[in-house]
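Asker: Here it is: the structure, laid out below.
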Amino acid sequence: MTGKTGKRLNEYAENYVVFDLETTGFSPLKDEIIEISALRVRNGAVKEEFTTLVNPNMPIPRAASRVNGITDEMVEGAPQLSKALAAFLDFAGEDVLVGHNIHSFDMPFVYEGAKKALCRQVHNNYVDTLYFARSCMPQLGHYKLTDISAHFGIATKGAHRALADCHMNQKCYEKLLEIWQKKQEEMRLKEGEQKLCCPQCGCILIKRKGKFGFFWGCSGFPDCRYTKNCR
């Protein structure tokens with residue numbers, strides 16, 4: 001296969017698909033997807049839902065079932081990964097994907113699943129609300145989806161089932177918009193009328209103080225370690 005996967009964005013997208021996976025474990029190479037859910041969002045409003053269980057063709061470990069409540073009996077008649085993942089990708093189309101901790105968890109499962117079950121790559125850009133929340137609320141300290149939801153007063157009932165997490169995360173993402181817009185103004189550097197962005201990942205550069213004085217560091221740290229001297 002040729003081509004590149006999408007890149008992680010650190011911004012707000014008016015139109016997007018928020019999604020979540022439940023799996024049998026933590027490794028996209030050894031474990032399997034057992035649930036996929038998604039919401040199509042236009043201008044901040046949920047327009048359509050997608051959800052399906054997935055038959056992993058393997059027993060679901062008890063540890064996984066204790067977290068998400070999904071059992072072998074529940075997935076017995078569910079579609080195989082090839083059908084379920086293809087349906088999800090059709091639902092997502094070319095939209096920006098949004099999810100919590102998807103950079104490290106969900107996207108690798110999607111990439112590996114698409115490769116082995118569909119012989120294709122996924123090119124959608126995506127926003128990981130874990131990074132987005134860290135950028136917007138560095139004072140929070142804890143960034144589980146339930147932590148962020150509780151901070152905004154969003155109900156967390158049904159957490160760890162994919163569709164419930166999608167609804168929770170969509171509300172959090174919209175709440176983060178107001179904070180993000182304010183941060184945009186606070187972090188804005190004038191180079192003409194343009195803000196100064198990281199040339200490597202596109203995140204905003206933030207003024208920081210180091211051993212040798214002030215410098216501009218990427219807000220995508222620690223994944224991106226780009227820095228620029230202050231002038």
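Ligands are numbered from 1 in the order shown, chains are lettered A, B, ... in the order of the structure tokens, and residues start at 1 in each chain.
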Which residues are close to Glu11 of chain A, i.e. within 9 Å by only C-alpha atoms, leaving aside same-chain residues fewer than 5 positions away? Reply as a list of chain:residue names.

Answerer: A:Val127, A:Phe132, A:Leu177, A:Trp180, A:Cys203

Asker: For the alpha helix (DSSP H) assignment from backbone DSSP, which residues of segment 46-115 of chain A qualify? Please present them as an MDAnalysis selection string.

Answerer: chainID A and resid 62:68 72:75 81:92 107:113

Asker: Could you state the separation of atom CA of Met74 of chain A and atom CA of Thr146 of chain A in Å, given to one decimal place?

Answerer: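 Between atom CA of Met74 of chain A and atom CA of Thr146 of chain A the gap works out to 25.0 Å.
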
Asker: Using only C-alpha atoms, find the one residue out of A:Phe215, A:His151, A:Lys157, A:Thr129 that sits nearest to Leu9 of chain A.

Answerer: A:Thr129

Asker: Using only C-alpha atoms for the distances, tell me which of A:Ser149, A:Thr5, A:Asn229, A:Ser219 is nearest to Gln170 of chain A.

Answerer: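 Ranked by minimum distance to Gln170 of chain A, first place goes to A:Ser149.
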
Asker: If DSSP is run on the backbone, what residues of segment 16-119 of chain A are strand (DSSP E)? A reply as a ChimeraX atom specification would be ideal.

Answerer: /A:16-23,33-42,45-53,96-99

Asker: Tell me which protein, DNA and RNA residues are within 9 Å of segment 38-55 of chain A, counting only C-alpha atoms, leaving out same-chain ones fewer than 3 positions away, and put them as a PyMOL selection string.

Answerer: chain A and resi 13-22+32-35+58+70+72+74-81+83-85+87-88+91-92+95+162-163+166-167+170-171+174

Asker: Do you know which residues are at most 8 Å from Ala133 of chain A counting only C-alpha atoms, after dropping those on the same chain fewer than 6 positions away, and could you put them as a list in words?

Answerer: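 Here the qualifying residues turn out to be Tyr143, Ile148 and Leu176 of chain A.
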
Asker: Neighbouring residues of Ser82 of chain A were defined as those with any atom within 8 Å, considering only C-alpha atoms; residues of the same chain fewer than 3 positions away were excluded. Please report them as a PDB file with C-alpha atoms, in the first residue's frame.

Answerer:
ATOM      1  CA  LEU A  85     -14.989  -1.104   9.844  1.00  0.00           C
ATOM      2  CA  ALA A  86     -15.927  -0.527   6.203  1.00  0.00           C
ATOM      3  CA  ALA A 114      -8.077  -1.254   7.820  1.00  0.00           C
ATOM      4  CA  ALA A 117      -9.296  -6.485   7.006  1.00  0.00           C
ATOM      5  CA  LEU A 118      -9.712  -4.057   4.083  1.00  0.00           C
TER       6      LEU A 118
END
